[in-house]
Amino acid sequence: MSRCGSCFSGRGCRDFSSRAEQLPSLAAIDVVEKLLLQALKNTAKRAEMAARGEMSREELTEANQKLVDWLGSTFSGDNPHFQSAEDWNPRGLAQYMREEMSDSLKAAVNTIPDDDEEVIYTAAGIFLSDVYATLHSLAVQGVPFDGIENAEPCVRLVQFWSALMVGAPIFDGAVN
């Protein structure tokens with residue numbers, strides 16, 4: 001029988017850490033980065049399909065709304081596939097967003113919402129707008145969409161939003 005480093009002969013194990021499988025945590029910046037990076041990649045793919053006429057404007061709009069709803073639900077703590085930090089999703093996150101991006105929230109919905117979930121859904125829409133603005137800027141520069149998630153502006157965008165979503169300090173590229 002293998003022992004952990006905390007076991008003492010005859011006294012049993014002193015390792016009380018949980019061995020239960022954990023869901024990906026919305027408080028972990030690496031989890032959030034992967035999630036937002038995938039959202040960016042999927043959005044770039046859809047934008048490219050729409051530009052080639054493989055997706056109608058209505059289909060693109062519907063897919064965009066579905067993404068915003070999924071992000072809003074996930075970061076509000078309503079996605080059973082992710083673990084949220086206690087009192088962070090949605091309450092703590094919404095308050096942090098009110099402080100860090102008040103001007104962007106006002107610009108998006110003409111007010112800073114009182115409802116925590118509304119703040120998070122609004123922020124999800126702002127994230128998607130930021131993704132499209134970044135993709136447009138790169139397209140104008142002639143950057144190919146294949147592997148666009150590795151372009152520096154996309155990397156910075158994902159890092160900024162990931163920091164925001166986990167409540168990490170934001171030093172550069174503030175939305176506010």
# chains A, B, ... in the order shown; residues from 1 in each chain; ligands from 1

$ select_by_dssp --residues "segment 9-131 of chain A" --states "alpha helix (DSSP H)" --output "ChimeraX atom specification"
/A:29-51,57-75,93-100,102-109,116-131

$ residues_around --residues "Ser25 of chain A" --least-positions-apart "4" --cutoff "8 Å" --atoms "only C-alpha atoms" --output "list in words"
Val31, Phe82, Gln83, Ser84 and Ala85 of chain A

$ residues_around --residues "Leu40 of chain A" --least-positions-apart "4" --cutoff "12 Å" --atoms "only C-alpha atoms" --output "PyMOL selection string"
chain A and resi 33-36+44-47+64+67-68+71+127-135+145+147-151+153-159+161

$ closest_residue --among "A:Ala94, A:Leu23, A:Ala39, A:Ala28" --to "Lys66 of chain A" --atoms "only C-alpha atoms"
A:Ala39

$ closest_residue --among "A:Leu164, A:Ala107, A:Leu93, A:Ala139" --to "Val119 of chain A" --atoms "only C-alpha atoms"
A:Leu93

$ closest_residue --among "A:Asn79, A:Thr111, A:Thr43, A:Gln141" --to "Ala63 of chain A" --atoms "only C-alpha atoms"
A:Thr43

$ residues_around --residues "segment 120-122 of chain A" --least-positions-apart "5" --cutoff "10 Å" --atoms "only C-alpha atoms" --output "VMD selection string"
chain A and resid 68 to 76 89 to 91 93 to 95 97 to 98 104 to 106 108 to 109 112 to 113 115 127 to 128 165

$ atom_distance --atom1 "atom CA of Glu117 of chain A" --atom2 "atom CA of Lys41 of chain A"
24.9 Å

$ atom_distance --atom1 "atom CA of Val166 of chain A" --atom2 "atom CA of Ala27 of chain A"
5.2 Å

$ atom_distance --atom1 "atom CA of Asp87 of chain A" --atom2 "atom CA of Gln38 of chain A"
25.7 Å

$ decode --residues "segment 82-121 of chain A" --atoms "N, CA and C atoms" --output "PDB file, in the first residue's frame"
ATOM      1  N   PHE A  82     -19.002  23.928 -14.592  1.00  0.00           N
ATOM      2  CA  PHE A  82     -17.938  24.728 -14.004  1.00  0.00           C
ATOM      3  C   PHE A  82     -18.246  24.991 -12.540  1.00  0.00           C
ATOM      4  N   GLN A  83     -17.196  25.038 -11.759  1.00  0.00           N
ATOM      5  CA  GLN A  83     -17.302  25.367 -10.341  1.00  0.00           C
ATOM      6  C   GLN A  83     -17.033  26.860 -10.198  1.00  0.00           C
ATOM      7  N   SER A  84     -17.878  27.526  -9.449  1.00  0.00           N
ATOM      8  CA  SER A  84     -17.640  28.950  -9.218  1.00  0.00           C
ATOM      9  C   SER A  84     -17.156  29.157  -7.787  1.00  0.00           C
ATOM     10  N   ALA A  85     -16.407  30.210  -7.631  1.00  0.00           N
ATOM     11  CA  ALA A  85     -15.898  30.543  -6.303  1.00  0.00           C
ATOM     12  C   ALA A  85     -17.046  31.077  -5.456  1.00  0.00           C
ATOM     13  N   GLU A  86     -17.049  30.703  -4.199  1.00  0.00           N
ATOM     14  CA  GLU A  86     -18.117  31.126  -3.303  1.00  0.00           C
ATOM     15  C   GLU A  86     -18.225  32.648  -3.280  1.00  0.00           C
ATOM     16  N   ASP A  87     -19.416  33.145  -3.467  1.00  0.00           N
ATOM     17  CA  ASP A  87     -19.727  34.577  -3.463  1.00  0.00           C
ATOM     18  C   ASP A  87     -19.064  35.368  -4.593  1.00  0.00           C
ATOM     19  N   TRP A  88     -18.461  34.685  -5.569  1.00  0.00           N
ATOM     20  CA  TRP A  88     -17.860  35.408  -6.684  1.00  0.00           C
ATOM     21  C   TRP A  88     -18.793  35.472  -7.875  1.00  0.00           C
ATOM     22  N   ASN A  89     -19.366  34.335  -8.246  1.00  0.00           N
ATOM     23  CA  ASN A  89     -20.239  34.276  -9.413  1.00  0.00           C
ATOM     24  C   ASN A  89     -21.683  34.185  -8.955  1.00  0.00           C
ATOM     25  N   PRO A  90     -22.514  35.162  -9.121  1.00  0.00           N
ATOM     26  CA  PRO A  90     -22.304  36.392  -9.869  1.00  0.00           C
ATOM     27  C   PRO A  90     -21.979  37.619  -9.017  1.00  0.00           C
ATOM     28  N   ARG A  91     -22.243  37.575  -7.718  1.00  0.00           N
ATOM     29  CA  ARG A  91     -22.216  38.799  -6.905  1.00  0.00           C
ATOM     30  C   ARG A  91     -20.871  39.516  -6.908  1.00  0.00           C
ATOM     31  N   GLY A  92     -19.818  38.832  -6.541  1.00  0.00           N
ATOM     32  CA  GLY A  92     -18.501  39.470  -6.475  1.00  0.00           C
ATOM     33  C   GLY A  92     -18.007  39.930  -7.837  1.00  0.00           C
ATOM     34  N   LEU A  93     -18.212  39.096  -8.849  1.00  0.00           N
ATOM     35  CA  LEU A  93     -17.805  39.449 -10.198  1.00  0.00           C
ATOM     36  C   LEU A  93     -18.563  40.673 -10.696  1.00  0.00           C
ATOM     37  N   ALA A  94     -19.850  40.691 -10.477  1.00  0.00           N
ATOM     38  CA  ALA A  94     -20.653  41.831 -10.934  1.00  0.00           C
ATOM     39  C   ALA A  94     -20.191  43.125 -10.264  1.00  0.00           C
ATOM     40  N   GLN A  95     -19.922  43.067  -8.977  1.00  0.00           N
ATOM     41  CA  GLN A  95     -19.454  44.262  -8.271  1.00  0.00           C
ATOM     42  C   GLN A  95     -18.103  44.705  -8.817  1.00  0.00           C
ATOM     43  N   TYR A  96     -17.205  43.752  -9.048  1.00  0.00           N
ATOM     44  CA  TYR A  96     -15.885  44.062  -9.598  1.00  0.00           C
ATOM     45  C   TYR A  96     -16.028  44.715 -10.974  1.00  0.00           C
ATOM     46  N   MET A  97     -16.933  44.197 -11.786  1.00  0.00           N
ATOM     47  CA  MET A  97     -17.168  44.770 -13.113  1.00  0.00           C
ATOM     48  C   MET A  97     -17.740  46.180 -13.014  1.00  0.00           C
ATOM     49  N   ARG A  98     -18.624  46.395 -12.065  1.00  0.00           N
ATOM     50  CA  ARG A  98     -19.170  47.746 -11.877  1.00  0.00           C
ATOM     51  C   ARG A  98     -18.047  48.739 -11.576  1.00  0.00           C
ATOM     52  N   GLU A  99     -17.070  48.289 -10.812  1.00  0.00           N
ATOM     53  CA  GLU A  99     -15.949  49.160 -10.452  1.00  0.00           C
ATOM     54  C   GLU A  99     -14.962  49.337 -11.600  1.00  0.00           C
ATOM     55  N   GLU A 100     -14.636  48.249 -12.282  1.00  0.00           N
ATOM     56  CA  GLU A 100     -13.574  48.271 -13.294  1.00  0.00           C
ATOM     57  C   GLU A 100     -14.025  48.728 -14.674  1.00  0.00           C
ATOM     58  N   MET A 101     -15.290  48.559 -14.993  1.00  0.00           N
ATOM     59  CA  MET A 101     -15.734  48.885 -16.349  1.00  0.00           C
ATOM     60  C   MET A 101     -17.051  49.657 -16.367  1.00  0.00           C
ATOM     61  N   SER A 102     -17.198  50.570 -15.434  1.00  0.00           N
ATOM     62  CA  SER A 102     -18.445  51.320 -15.324  1.00  0.00           C
ATOM     63  C   SER A 102     -18.768  52.087 -16.601  1.00  0.00           C
ATOM     64  N   ASP A 103     -17.779  52.720 -17.210  1.00  0.00           N
ATOM     65  CA  ASP A 103     -18.034  53.480 -18.440  1.00  0.00           C
ATOM     66  C   ASP A 103     -18.503  52.579 -19.578  1.00  0.00           C
ATOM     67  N   SER A 104     -17.908  51.399 -19.692  1.00  0.00           N
ATOM     68  CA  SER A 104     -18.305  50.459 -20.747  1.00  0.00           C
ATOM     69  C   SER A 104     -19.715  49.932 -20.518  1.00  0.00           C
ATOM     70  N   LEU A 105     -20.053  49.663 -19.268  1.00  0.00           N
ATOM     71  CA  LEU A 105     -21.413  49.217 -18.964  1.00  0.00           C
ATOM     72  C   LEU A 105     -22.424  50.304 -19.297  1.00  0.00           C
ATOM     73  N   LYS A 106     -22.114  51.547 -18.907  1.00  0.00           N
ATOM     74  CA  LYS A 106     -23.011  52.668 -19.219  1.00  0.00           C
ATOM     75  C   LYS A 106     -23.177  52.832 -20.722  1.00  0.00           C
ATOM     76  N   ALA A 107     -22.082  52.716 -21.456  1.00  0.00           N
ATOM     77  CA  ALA A 107     -22.140  52.876 -22.911  1.00  0.00           C
ATOM     78  C   ALA A 107     -22.970  51.768 -23.561  1.00  0.00           C
ATOM     79  N   ALA A 108     -22.911  50.566 -23.000  1.00  0.00           N
ATOM     80  CA  ALA A 108     -23.622  49.431 -23.589  1.00  0.00           C
ATOM     81  C   ALA A 108     -25.120  49.463 -23.319  1.00  0.00           C
ATOM     82  N   VAL A 109     -25.518  49.844 -22.111  1.00  0.00           N
ATOM     83  CA  VAL A 109     -26.939  49.782 -21.752  1.00  0.00           C
ATOM     84  C   VAL A 109     -27.452  51.064 -21.108  1.00  0.00           C
ATOM     85  N   ASN A 110     -26.713  52.157 -21.248  1.00  0.00           N
ATOM     86  CA  ASN A 110     -27.110  53.481 -20.758  1.00  0.00           C
ATOM     87  C   ASN A 110     -27.214  53.598 -19.247  1.00  0.00           C
ATOM     88  N   THR A 111     -26.738  52.607 -18.525  1.00  0.00           N
ATOM     89  CA  THR A 111     -26.765  52.631 -17.070  1.00  0.00           C
ATOM     90  C   THR A 111     -25.820  51.552 -16.555  1.00  0.00           C
ATOM     91  N   ILE A 112     -25.583  51.581 -15.274  1.00  0.00           N
ATOM     92  CA  ILE A 112     -24.867  50.468 -14.647  1.00  0.00           C
ATOM     93  C   ILE A 112     -25.944  49.627 -13.972  1.00  0.00           C
ATOM     94  N   PRO A 113     -26.212  48.433 -14.495  1.00  0.00           N
ATOM     95  CA  PRO A 113     -27.310  47.629 -13.964  1.00  0.00           C
ATOM     96  C   PRO A 113     -27.149  47.301 -12.481  1.00  0.00           C
ATOM     97  N   ASP A 114     -28.275  47.280 -11.779  1.00  0.00           N
ATOM     98  CA  ASP A 114     -28.292  46.883 -10.378  1.00  0.00           C
ATOM     99  C   ASP A 114     -28.276  45.359 -10.244  1.00  0.00           C
ATOM    100  N   ASP A 115     -28.878  44.684 -11.217  1.00  0.00           N
ATOM    101  CA  ASP A 115     -28.961  43.233 -11.199  1.00  0.00           C
ATOM    102  C   ASP A 115     -27.602  42.625 -11.562  1.00  0.00           C
ATOM    103  N   ASP A 116     -27.077  41.760 -10.693  1.00  0.00           N
ATOM    104  CA  ASP A 116     -25.756  41.176 -10.900  1.00  0.00           C
ATOM    105  C   ASP A 116     -25.659  40.388 -12.206  1.00  0.00           C
ATOM    106  N   GLU A 117     -26.652  39.569 -12.480  1.00  0.00           N
ATOM    107  CA  GLU A 117     -26.612  38.777 -13.709  1.00  0.00           C
ATOM    108  C   GLU A 117     -26.676  39.667 -14.942  1.00  0.00           C
ATOM    109  N   GLU A 118     -27.435  40.735 -14.887  1.00  0.00           N
ATOM    110  CA  GLU A 118     -27.503  41.654 -16.023  1.00  0.00           C
ATOM    111  C   GLU A 118     -26.139  42.281 -16.293  1.00  0.00           C
ATOM    112  N   VAL A 119     -25.400  42.592 -15.237  1.00  0.00           N
ATOM    113  CA  VAL A 119     -24.045  43.125 -15.405  1.00  0.00           C
ATOM    114  C   VAL A 119     -23.182  42.117 -16.149  1.00  0.00           C
ATOM    115  N   ILE A 120     -23.252  40.849 -15.746  1.00  0.00           N
ATOM    116  CA  ILE A 120     -22.406  39.823 -16.345  1.00  0.00           C
ATOM    117  C   ILE A 120     -22.816  39.549 -17.783  1.00  0.00           C
ATOM    118  N   TYR A 121     -24.095  39.485 -18.071  1.00  0.00           N
ATOM    119  CA  TYR A 121     -24.550  39.289 -19.453  1.00  0.00           C
ATOM    120  C   TYR A 121     -24.149  40.487 -20.324  1.00  0.00           C
TER     121      TYR A 121
END
